[in-house]
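J.: Just so it is clear, I am handing over input-v5.cif, which has mmCIF, C-alpha atoms (C1' of nucleotides).
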data_entry
#
loop_
_atom_site.label_atom_id
_atom_site.label_comp_id
_atom_site.auth_asym_id
_atom_site.auth_seq_id
_atom_site.Cartn_x
_atom_site.Cartn_y
_atom_site.Cartn_z
CA MET A 31 -1.99 -27.80 -22.48
CA PRO A 32 -3.72 -27.14 -25.82
CA GLY A 33 -1.79 -27.86 -29.01
CA PRO A 34 -0.70 -25.12 -31.43
CA ALA A 35 -3.81 -25.32 -33.60
CA GLU A 36 -6.21 -25.16 -30.67
CA LEU A 37 -4.15 -22.34 -29.19
CA ASP A 38 -4.63 -20.32 -32.36
CA THR A 39 -8.38 -20.94 -32.15
CA LEU A 40 -8.48 -19.77 -28.53
CA HIS A 41 -6.52 -16.60 -29.32
CA GLU A 42 -8.68 -15.81 -32.33
CA ARG A 43 -12.00 -16.38 -30.61
CA ILE A 44 -11.27 -14.79 -27.25
CA ASN A 45 -9.47 -11.78 -28.72
CA GLY A 46 -12.27 -11.44 -31.26
CA TRP A 47 -14.89 -11.58 -28.54
CA PHE A 48 -12.97 -8.90 -26.61
CA ASP A 49 -12.84 -6.60 -29.63
CA GLU A 50 -16.60 -6.81 -29.98
CA THR A 51 -17.85 -6.76 -26.42
CA ALA A 52 -15.24 -5.32 -24.08
CA ARG A 53 -16.38 -2.60 -21.73
CA LYS A 54 -15.21 0.88 -22.59
CA LEU A 55 -13.11 1.91 -19.61
CA PRO A 56 -11.09 5.11 -19.31
CA TRP A 57 -7.84 3.34 -18.45
CA ARG A 58 -8.19 1.34 -21.66
CA GLU A 59 -8.22 4.45 -23.83
CA PRO A 60 -5.07 4.76 -25.95
CA ALA A 61 -4.53 8.27 -24.57
CA CYS A 62 -4.47 7.08 -20.96
CA SER A 63 -1.09 7.69 -19.34
CA PRO A 64 0.94 4.96 -17.66
CA TRP A 65 0.25 6.79 -14.39
CA GLY A 66 -3.48 6.56 -15.04
CA ILE A 67 -3.10 2.85 -15.68
CA LEU A 68 -1.03 2.32 -12.54
CA VAL A 69 -3.62 4.16 -10.44
CA SER A 70 -6.40 2.06 -11.94
CA GLU A 71 -4.58 -1.20 -11.29
CA VAL A 72 -4.00 -0.40 -7.64
CA MET A 73 -7.58 0.78 -7.14
CA LEU A 74 -8.84 -2.38 -8.83
CA GLN A 75 -7.00 -4.64 -6.40
CA GLN A 76 -9.97 -6.34 -4.74
CA THR A 77 -12.38 -3.55 -5.65
CA PRO A 78 -15.00 -3.75 -8.45
CA VAL A 79 -14.81 -1.53 -11.54
CA VAL A 80 -18.04 0.35 -10.87
CA ARG A 81 -16.79 1.62 -7.53
CA VAL A 82 -13.36 2.53 -8.87
CA LEU A 83 -14.58 4.63 -11.81
CA PRO A 84 -15.63 7.86 -10.02
CA VAL A 85 -12.65 7.88 -7.67
CA TRP A 86 -10.24 7.22 -10.52
CA HIS A 87 -11.59 10.25 -12.40
CA GLU A 88 -11.20 12.46 -9.33
CA TRP A 89 -7.65 11.28 -8.73
CA LEU A 90 -6.50 11.78 -12.32
CA GLU A 91 -8.02 15.24 -12.42
CA ARG A 92 -6.45 16.20 -9.11
CA TRP A 93 -3.13 14.42 -9.64
CA PRO A 94 -2.46 14.06 -13.38
CA THR A 95 1.14 13.06 -12.68
CA PRO A 96 3.00 11.09 -9.99
CA ALA A 97 4.75 14.30 -8.93
CA GLY A 98 1.39 15.90 -8.21
CA LEU A 99 0.46 13.22 -5.72
CA ALA A 100 3.98 13.05 -4.31
CA GLY A 101 3.76 16.75 -3.51
CA GLU A 102 0.90 16.25 -1.06
CA PRO A 103 0.74 14.60 2.36
CA ALA A 104 0.04 10.87 2.39
CA GLY A 105 -3.08 11.57 4.41
CA GLU A 106 -4.57 13.43 1.48
CA ALA A 107 -4.27 10.29 -0.64
CA VAL A 108 -5.99 8.32 2.11
CA ARG A 109 -8.76 10.92 2.40
CA ARG A 110 -9.36 11.02 -1.35
CA TRP A 111 -9.37 7.22 -1.43
CA GLY A 112 -12.85 7.56 -0.01
CA ARG A 113 -14.63 4.29 0.61
CA LEU A 114 -12.75 2.12 -1.87
CA GLY A 115 -11.55 -0.05 0.99
CA TYR A 116 -8.11 -1.31 2.01
CA PRO A 117 -6.86 2.26 2.55
CA ARG A 118 -3.25 1.17 2.91
CA ARG A 119 -3.35 0.87 -0.86
CA ALA A 120 -3.68 4.66 -0.93
CA LEU A 121 -0.70 4.99 1.37
CA ARG A 122 1.40 2.73 -0.84
CA LEU A 123 0.29 4.43 -4.02
CA HIS A 124 1.42 7.71 -2.50
CA ALA A 125 4.76 6.11 -1.59
CA ALA A 126 5.01 4.77 -5.14
CA ALA A 127 4.42 8.28 -6.49
CA VAL A 128 7.24 9.57 -4.29
CA ALA A 129 9.56 6.80 -5.50
CA ILE A 130 8.65 7.47 -9.13
CA THR A 131 9.29 11.17 -8.66
CA GLU A 132 12.58 10.75 -6.83
CA ASP A 133 14.05 7.67 -8.48
CA HIS A 134 12.52 7.53 -11.95
CA ASN A 135 12.51 11.16 -13.04
CA GLY A 136 8.75 11.36 -12.54
CA LYS A 137 8.01 8.69 -15.13
CA VAL A 138 6.31 5.39 -14.31
CA PRO A 139 8.97 2.72 -14.98
CA ASN A 140 8.37 0.42 -17.93
CA THR A 141 9.89 -2.87 -16.83
CA TYR A 142 8.42 -5.60 -14.68
CA VAL A 143 11.38 -5.60 -12.29
CA GLU A 144 11.34 -1.85 -11.70
CA LEU A 145 7.57 -1.81 -11.29
CA LEU A 146 7.70 -4.69 -8.85
CA ALA A 147 10.02 -2.66 -6.63
CA LEU A 148 7.37 0.04 -6.13
CA PRO A 149 5.33 -0.01 -2.90
CA GLY A 150 1.98 -1.74 -3.32
CA VAL A 151 2.98 -3.23 -6.66
CA GLY A 152 3.11 -7.02 -6.64
CA SER A 153 3.52 -9.56 -9.41
CA TYR A 154 0.07 -9.01 -10.88
CA THR A 155 0.21 -5.22 -10.95
CA ALA A 156 3.79 -5.11 -12.25
CA ALA A 157 2.90 -7.39 -15.15
CA ALA A 158 -0.36 -5.57 -15.84
CA VAL A 159 1.26 -2.12 -16.02
CA ALA A 160 4.15 -3.39 -18.16
CA ALA A 161 1.62 -4.94 -20.52
CA PHE A 162 -1.20 -2.42 -20.62
CA ALA A 163 0.81 0.79 -20.28
CA TYR A 164 3.87 -0.19 -22.28
CA GLY A 165 2.70 -2.92 -24.64
CA ARG A 166 5.03 -5.56 -23.28
CA ARG A 167 4.47 -9.30 -23.52
CA GLU A 168 3.96 -10.27 -19.88
CA THR A 169 2.37 -13.15 -18.03
CA VAL A 170 -0.53 -11.39 -16.34
CA VAL A 171 -2.30 -13.57 -13.80
CA ASP A 172 -5.18 -12.29 -11.73
CA THR A 173 -8.15 -14.03 -10.16
CA ASN A 174 -10.19 -13.83 -13.38
CA ILE A 175 -7.46 -15.28 -15.54
CA ARG A 176 -6.79 -18.03 -13.02
CA ARG A 177 -10.46 -19.02 -13.02
CA VAL A 178 -10.71 -19.05 -16.83
CA HIS A 179 -7.59 -21.19 -17.09
CA ALA A 180 -8.84 -23.52 -14.37
CA ARG A 181 -12.07 -24.17 -16.25
CA LEU A 182 -11.04 -23.92 -19.87
CA VAL A 183 -7.81 -25.92 -19.60
CA SER A 184 -7.66 -27.73 -16.28
CA GLY A 185 -11.32 -28.68 -16.05
CA THR A 186 -11.86 -27.54 -12.48
CA ALA A 187 -14.52 -25.18 -11.17
CA LEU A 188 -12.03 -22.95 -9.37
CA PRO A 189 -8.27 -22.43 -9.37
CA ALA A 190 -6.11 -23.70 -6.51
CA GLN A 191 -6.41 -21.80 -3.24
CA ALA A 192 -2.97 -20.28 -3.74
CA LEU A 193 -1.25 -19.28 -6.97
CA THR A 194 1.07 -22.11 -8.05
CA ALA A 195 4.14 -22.27 -10.27
CA ALA A 196 2.23 -24.63 -12.56
CA GLU A 197 -0.42 -21.97 -13.10
CA MET A 198 2.22 -19.44 -14.04
CA ARG A 199 3.78 -21.87 -16.50
CA LEU A 200 0.39 -22.58 -18.01
CA ALA A 201 -0.40 -18.87 -18.35
CA THR A 202 2.94 -18.25 -20.05
CA GLY A 203 2.37 -21.19 -22.36
CA LEU A 204 -1.01 -19.83 -23.42
CA LEU A 205 0.35 -16.38 -24.31
CA PRO A 206 0.27 -15.40 -28.00
CA ALA A 207 3.68 -14.88 -29.57
CA SER A 208 3.49 -11.22 -30.55
CA ASP A 209 3.55 -8.29 -28.16
CA SER A 210 0.32 -6.77 -29.41
CA SER A 211 -1.66 -10.03 -29.42
CA SER A 212 -0.41 -10.96 -25.97
CA VAL A 213 -1.44 -7.60 -24.52
CA ARG A 214 -4.90 -8.00 -25.97
CA TRP A 215 -5.06 -11.62 -24.79
CA ASN A 216 -4.30 -10.66 -21.22
CA ALA A 217 -7.04 -8.06 -21.23
CA ALA A 218 -9.43 -10.37 -23.06
CA VAL A 219 -9.09 -13.36 -20.73
CA MET A 220 -9.48 -11.06 -17.75
CA GLU A 221 -12.60 -9.57 -19.31
CA LEU A 222 -13.97 -13.02 -20.08
CA GLY A 223 -13.54 -13.97 -16.43
CA ALA A 224 -15.12 -10.73 -15.24
CA LEU A 225 -18.16 -10.79 -17.52
CA LEU A 226 -18.91 -14.41 -18.45
CA CYS A 227 -16.72 -16.94 -16.67
CA THR A 228 -17.69 -15.57 -13.26
CA ALA A 229 -17.14 -17.28 -9.94
CA ARG A 230 -20.75 -18.05 -9.13
CA ALA A 231 -23.09 -18.26 -12.12
CA PRO A 232 -20.97 -18.43 -15.31
CA LYS A 233 -22.77 -17.45 -18.50
CA CYS A 234 -21.49 -20.38 -20.51
CA ALA A 235 -24.12 -19.96 -23.22
CA ALA A 236 -22.52 -16.67 -24.27
CA CYS A 237 -18.94 -17.90 -24.04
CA PRO A 238 -16.99 -17.88 -27.33
CA VAL A 239 -15.03 -20.99 -26.34
CA ASN A 240 -17.65 -23.04 -24.49
CA ASP A 241 -17.16 -25.91 -26.94
CA LEU A 242 -13.48 -26.08 -25.96
CA CYS A 243 -13.98 -25.83 -22.20
CA ALA A 244 -12.57 -28.77 -20.24
CA TRP A 245 -14.73 -28.04 -17.20
CA ARG A 246 -17.91 -27.96 -19.26
CA ALA A 247 -16.89 -31.12 -21.11
CA ALA A 248 -16.57 -32.80 -17.73
CA GLY A 249 -20.12 -31.79 -16.86
CA GLY A 250 -19.24 -28.82 -14.66
CA PRO A 251 -18.07 -30.68 -11.54
CA PRO A 252 -18.15 -28.66 -8.30
CA SER A 253 -15.05 -27.27 -6.65
CA SER A 254 -13.07 -29.72 -4.55
CA TYR A 255 -12.89 -27.23 -1.71
CA VAL A 256 -15.19 -24.70 -0.11
CA PRO A 257 -13.70 -21.21 -0.16
CA LYS A 258 -13.90 -19.78 3.31
CA GLY A 259 -15.37 -16.32 3.40
CA GLN A 260 -13.75 -13.50 5.33
CA ALA A 261 -15.34 -12.79 8.65
CA TRP A 262 -16.45 -9.23 9.15
CA HIS A 263 -18.85 -8.61 12.02
CA GLY A 264 -16.98 -8.18 15.27
CA THR A 265 -13.54 -8.14 13.67
CA ASP A 266 -10.74 -5.64 14.18
CA ARG A 267 -11.09 -4.81 10.51
CA GLN A 268 -14.62 -3.61 11.03
CA VAL A 269 -13.48 -1.37 13.88
CA ARG A 270 -10.52 -0.04 11.87
CA GLY A 271 -12.89 0.75 9.03
CA ALA A 272 -15.19 2.67 11.34
CA VAL A 273 -12.27 4.63 12.81
CA MET A 274 -10.95 5.47 9.36
CA ALA A 275 -14.38 6.75 8.35
CA VAL A 276 -14.16 9.20 11.25
CA LEU A 277 -10.62 10.31 10.43
CA ARG A 278 -11.40 10.87 6.75
CA LEU A 279 -14.13 13.32 7.65
CA ALA A 280 -12.32 15.09 10.48
CA ASP A 281 -10.57 18.33 9.67
CA MET A 282 -8.74 18.41 13.00
CA PRO A 283 -7.22 15.77 15.27
CA VAL A 284 -9.84 13.62 16.97
CA PRO A 285 -9.25 13.32 20.73
CA ALA A 286 -8.77 9.74 21.90
CA GLU A 287 -11.71 9.99 24.30
CA MET A 288 -14.00 10.57 21.33
CA PHE A 289 -13.39 7.00 20.30
CA HIS A 290 -13.79 5.57 23.77
CA ARG A 291 -16.82 7.41 25.09
CA GLU A 292 -20.32 8.00 23.86
CA PRO A 293 -20.72 11.41 22.22
CA ALA A 294 -23.61 12.07 24.60
CA ASP A 295 -21.26 11.62 27.55
CA LEU A 296 -18.82 14.06 26.04
CA GLY A 297 -21.51 16.63 25.47
CA PHE A 298 -20.02 17.71 22.17
CA ALA A 299 -18.54 16.36 18.97
CA PRO A 300 -16.41 18.08 16.35
CA ALA A 301 -18.40 19.24 13.37
CA GLY A 302 -18.94 16.75 10.61
CA ILE A 303 -17.94 13.52 12.31
CA GLY A 304 -21.09 12.86 14.31
CA LEU A 305 -22.39 10.20 11.95
CA PRO A 306 -19.28 8.02 11.57
CA LEU A 307 -18.58 8.42 15.28
CA ALA A 308 -22.07 7.17 16.08
CA ALA A 309 -21.55 4.26 13.69
CA LEU A 310 -18.33 3.37 15.47
CA HIS A 311 -19.99 3.41 18.89
CA ARG A 312 -22.86 1.35 17.56
CA LEU A 313 -20.35 -1.47 17.05
CA ASN A 314 -20.05 -1.54 20.81
CA SER A 315 -16.63 -3.11 20.58
CA ALA A 316 -14.65 -3.99 23.68
CA PRO A 317 -12.17 -1.32 24.85
CA GLU A 318 -9.22 -3.61 24.15
CA GLN A 319 -10.42 -4.19 20.61
CA LEU A 320 -10.70 -0.47 20.01
CA GLU A 321 -7.20 -0.05 21.41
CA ARG A 322 -5.92 -2.77 19.11
CA ALA A 323 -7.55 -1.16 16.10
CA LEU A 324 -6.15 2.29 16.87
CA ALA A 325 -2.68 0.89 17.57
CA GLY A 326 -2.84 -1.05 14.32
CA LEU A 327 -3.71 2.04 12.33
CA LEU A 328 -0.81 3.92 13.90
CA ALA A 329 1.55 1.03 13.19
CA ASP A 330 0.41 0.89 9.58
CA GLY A 331 0.87 4.62 9.12
CA LEU A 332 -2.80 5.14 8.33
CA ALA A 333 -3.13 7.40 11.35
CA GLU A 334 -0.81 9.44 13.55
CA MET A 335 -1.02 11.17 16.90
CA HIS A 336 -1.09 14.94 17.00
CA GLY A 337 -1.27 16.20 20.54
CA ASP A 338 -3.76 13.88 22.21
CA GLY A 339 -5.71 13.29 19.03
CA TYR A 340 -5.65 11.02 16.03
CA ARG A 341 -5.49 12.26 12.47
CA LEU A 342 -4.59 11.08 8.97
CA PRO A 343 -0.83 11.28 8.32
CA ALA A 344 0.29 14.79 7.43
"C1'" DA B 197 1.97 -20.55 3.61
"C1'" DA B 198 -1.60 -18.58 5.78
"C1'" DC B 199 -3.41 -14.55 7.41
"C1'" DG B 200 -4.94 -9.67 7.93
"C1'" DC B 201 -6.50 -6.05 5.54
"C1'" DG B 202 -12.38 -2.45 3.73
"C1'" DT B 203 -16.34 -1.96 1.35
"C1'" DG B 204 -20.76 -2.61 -0.77
"C1'" DG B 205 -23.52 -4.92 -4.48
"C1'" DA B 206 -25.52 -9.27 -5.70
"C1'" DT B 207 -27.83 -13.37 -4.47
"C1'" DT C 12 -30.56 -11.61 6.84
"C1'" DA C 13 -26.19 -13.93 5.87
"C1'" DT C 14 -22.79 -15.11 2.72
"C1'" DC C 15 -20.06 -14.50 -1.26
"C1'" DC C 16 -16.73 -12.17 -3.61
"C1'" DA C 17 -14.20 -8.33 -6.38
"C1'" DA C 18 -7.99 -6.45 -11.81
"C1'" DG C 19 -3.82 -8.42 -4.51
"C1'" DC C 20 -0.15 -7.12 -1.40
"C1'" DG C 21 2.95 -7.64 2.46
"C1'" DT C 22 4.44 -10.20 6.18
#
What's the C-alpha cells form of this structure?

T.:
Amino acid sequence: MPGPAELDTLHERINGWFDETARKLPWREPACSPWGILVSEVMLQQTPVVRVLPVWHEWLERWPTPAGLAGEPAGEAVRRWGRLGYPRRALRLHAAAVAITEDHNGKVPNTYVELLALPGVGSYTAAAVAAFAYGRRETVVDTNIRRVHARLVSGTALPAQALTAAEMRLATGLLPASDSSSVRWNAAVMELGALLCTARAPKCAACPVNDLCAWRAAGGPPSSYVPKGQAWHGTDRQVRGAVMAVLRLADMPVPAEMFHREPADLGFAPAGIGLPLAALHRLNSAPEQLERALAGLLADGLAEMHGDGYRLPA
DNA sequence: AACGCGTGGAT
DNA sequence: TATCCAAGCGT
C-alpha cells in the first residue's frame, strides 16, 4: 500500500492523464441521465465500448426513461439488444426498468444498496452508477481496475482469478478523499486499464505512472496461472446463440420442427429467418443438445412457447 | 467457489 | 485458423 505522498502523486498523475486523453463517450457527458448511465453499464458488462455505442444510442432514443422500457414487452428489449451478447442482460435491464418504475417513482435510485437490489445489477454496476451518475465516493472495481492495481501496487501480471476481500480493501484504500476526485479516479483507473494497462500487450511507455509500477520494477514477471479460455465451438451456448438469432428476426412464433429439421425438408421457411436458421442447422448439433438449448432458453425466460412455436417473451 | 452465459475484433 | 478477452451477474 503506497504511503500518503505517493498516493497523492498517483491521484494527480492518473487523474491528469484522464483529463487529457480520456475517450469522449456519450455516457460521460454531464447531461447524460442516470438511466443512460445505467443502460451503458449493463451493456458494457463483458462487451467492448465500440459495439455498445450504436445500440446505446438506439435504446436511449427509443426509451429515454425507465418507464418507456417498462411499458414494452421484455421480448422487445431482447430484440433491440441485437448482437451485444448475453441477452439475459436485456431481460434483467427490462426487469430493472419495471422495478424502477414501480418501486422508485420512475427514478434510478441513487444509493449503492438500492441499486444492488435491481435485477442484473451487481457490486460493480451498483458502485459505478452511484459514482458516475450521482457523484458518490464508491469503491468501483472492475476487471480493468483490478489489473491496474495488480500491476501498479501488487507487482503481479494479472489479478487473482476471483475478486478477493483484500483487493476490495486495497481499492478503497487507494480512493481519493473527496467525492469529485474519487469519481474521476474510478473512471481514470478504468480508462488506464482499458487503453494502456491492457491484458495482453500493455503500453507501458505511454503510462503516466510507469516509474511507480511494482510489476515493471520487478521486470514484468509472467502471471502465475494460465487463464483458461471459454470454450465455444460445440457448446450449448453456441446453439442458444444461434436459436436467439432466429427468434430475434422472427415476427411470428417459430414452429419447433423448424429447429429440428432442415429447411429443405420442410419445403418452406418463414420470411426473414432463412439465414439464421441455416446457420443453426450448419452447427449440426445433436438433437438432445438442441433440446437442452431450447429448454434452457425457456427456463431463462429468453423464449416462450406460443402454440407449438417459440418466440421472444411477449 | 466455480460455472454457464454471446459475440466479434484483435493477434 | 485458433485463442484470447471485453466496464459481470446469478446460482

J.: Starting from the shown file, work through the PyMOL selection byres ((chain B) within 8 of (chain A)) and note down what comes out as a PyMOL selection string.

T.: chain B and resi 201-203

J.: Quick check, in Å to one decimal: how far apart do atom C1' of B:DG204 and atom CA of A:Tyr255 lie?

T.: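 Taking atom C1' of B:DG204 as the start and atom CA of A:Tyr255 as the end point, the length is 25.9 Å.
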
J.: Going by the chain IDs and residue numbers used in this file, which residues fall under the PyMOL selection byres ((chain C) within 7 of (chain A))? Write them as a VMD selection string.

T.: chain C and resid 15 17 to 20

J.: Please report the interatomic distance between atom CA of A:Val273 and atom CA of A:Leu310 in Å with one decimal.

T.: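 Separation of atom CA of A:Val273 and atom CA of A:Leu310: 6.7 Å.
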
J.: For atom CA of A:Pro343 and atom CA of A:His87, determine how far apart the two atoms are, in Å to one decimal place.

T.: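 Distance reported for this atom pair: 23.4 Å.
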
J.: Take the PyMOL selection byres ((chain A and resi 201) around 9), apply it to the structure above, and return the hits as a ChimeraX atom specification.

T.: /A:169-171,175-176,179,196-200,202-205

J.: Would you kindly return, as a PyMOL selection string, each protein, DNA or RNA residue with an atom no farther than 12 Å from any atom of A:Leu99, considering only C-alpha atoms (C1' of nucleotides) and excluding same-chain residues fewer than 6 positions away?

T.: chain A and resi 65+69+89-93+105-108+110+120-131+136

J.: Between A:Ala231, A:Pro306, A:Leu277, A:Trp111, which has the minimum distance to B:DT207 (counting only C-alpha atoms (C1' of nucleotides))?

T.: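 Closest to B:DT207 of all the choices is A:Ala231.
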
J.: Working from the structure I just supplied, which lacks atoms in stretch 88-105 of chain A, can you model N, CA and C atoms there and output them as a PDB file, in the coordinates of the input?

T.:
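The resulting file, selection27.pdb, is reproduced below:
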ATOM      1  N   GLU A  88     -11.582  11.386 -10.258  1.00  0.00           N
ATOM      2  CA  GLU A  88     -11.200  12.460  -9.330  1.00  0.00           C
ATOM      3  C   GLU A  88      -9.692  12.512  -9.132  1.00  0.00           C
ATOM      4  N   TRP A  89      -9.108  11.343  -8.945  1.00  0.00           N
ATOM      5  CA  TRP A  89      -7.650  11.280  -8.730  1.00  0.00           C
ATOM      6  C   TRP A  89      -6.884  11.819  -9.927  1.00  0.00           C
ATOM      7  N   LEU A  90      -7.262  11.383 -11.132  1.00  0.00           N
ATOM      8  CA  LEU A  90      -6.500  11.780 -12.320  1.00  0.00           C
ATOM      9  C   LEU A  90      -6.670  13.273 -12.625  1.00  0.00           C
ATOM     10  N   GLU A  91      -7.822  13.817 -12.229  1.00  0.00           N
ATOM     11  CA  GLU A  91      -8.020  15.240 -12.420  1.00  0.00           C
ATOM     12  C   GLU A  91      -7.179  16.025 -11.408  1.00  0.00           C
ATOM     13  N   ARG A  92      -7.169  15.523 -10.181  1.00  0.00           N
ATOM     14  CA  ARG A  92      -6.450  16.200  -9.110  1.00  0.00           C
ATOM     15  C   ARG A  92      -4.937  16.002  -9.220  1.00  0.00           C
ATOM     16  N   TRP A  93      -4.560  14.775  -9.571  1.00  0.00           N
ATOM     17  CA  TRP A  93      -3.130  14.420  -9.640  1.00  0.00           C
ATOM     18  C   TRP A  93      -2.826  13.780 -10.991  1.00  0.00           C
ATOM     19  N   PRO A  94      -2.678  14.600 -12.028  1.00  0.00           N
ATOM     20  CA  PRO A  94      -2.460  14.060 -13.380  1.00  0.00           C
ATOM     21  C   PRO A  94      -1.109  13.368 -13.526  1.00  0.00           C
ATOM     22  N   THR A  95      -0.190  13.663 -12.597  1.00  0.00           N
ATOM     23  CA  THR A  95       1.140  13.060 -12.680  1.00  0.00           C
ATOM     24  C   THR A  95       1.539  12.506 -11.308  1.00  0.00           C
ATOM     25  N   PRO A  96       2.501  11.589 -11.277  1.00  0.00           N
ATOM     26  CA  PRO A  96       3.000  11.090  -9.990  1.00  0.00           C
ATOM     27  C   PRO A  96       3.522  12.216  -9.108  1.00  0.00           C
ATOM     28  N   ALA A  97       4.185  13.196  -9.709  1.00  0.00           N
ATOM     29  CA  ALA A  97       4.750  14.300  -8.930  1.00  0.00           C
ATOM     30  C   ALA A  97       3.653  15.083  -8.206  1.00  0.00           C
ATOM     31  N   GLY A  98       2.494  15.192  -8.836  1.00  0.00           N
ATOM     32  CA  GLY A  98       1.390  15.900  -8.210  1.00  0.00           C
ATOM     33  C   GLY A  98       0.972  15.244  -6.906  1.00  0.00           C
ATOM     34  N   LEU A  99       0.830  13.952  -6.934  1.00  0.00           N
ATOM     35  CA  LEU A  99       0.460  13.220  -5.720  1.00  0.00           C
ATOM     36  C   LEU A  99       1.602  13.242  -4.706  1.00  0.00           C
ATOM     37  N   ALA A 100       2.815  13.077  -5.205  1.00  0.00           N
ATOM     38  CA  ALA A 100       3.980  13.050  -4.310  1.00  0.00           C
ATOM     39  C   ALA A 100       4.141  14.359  -3.560  1.00  0.00           C
ATOM     40  N   GLY A 101       3.623  15.440  -4.126  1.00  0.00           N
ATOM     41  CA  GLY A 101       3.760  16.750  -3.510  1.00  0.00           C
ATOM     42  C   GLY A 101       2.766  17.018  -2.393  1.00  0.00           C
ATOM     43  N   GLU A 102       1.894  16.059  -2.124  1.00  0.00           N
ATOM     44  CA  GLU A 102       0.900  16.250  -1.060  1.00  0.00           C
ATOM     45  C   GLU A 102       1.137  15.246   0.068  1.00  0.00           C
ATOM     46  N   PRO A 103       0.596  15.547   1.237  1.00  0.00           N
ATOM     47  CA  PRO A 103       0.740  14.600   2.360  1.00  0.00           C
ATOM     48  C   PRO A 103       0.068  13.263   2.044  1.00  0.00           C
ATOM     49  N   ALA A 104       0.617  12.198   2.607  1.00  0.00           N
ATOM     50  CA  ALA A 104       0.040  10.870   2.390  1.00  0.00           C
ATOM     51  C   ALA A 104      -1.417  10.822   2.830  1.00  0.00           C
ATOM     52  N   GLY A 105      -1.726  11.573   3.893  1.00  0.00           N
ATOM     53  CA  GLY A 105      -3.080  11.570   4.410  1.00  0.00           C
ATOM     54  C   GLY A 105      -4.108  12.061   3.397  1.00  0.00           C
TER      55      GLY A 105
END
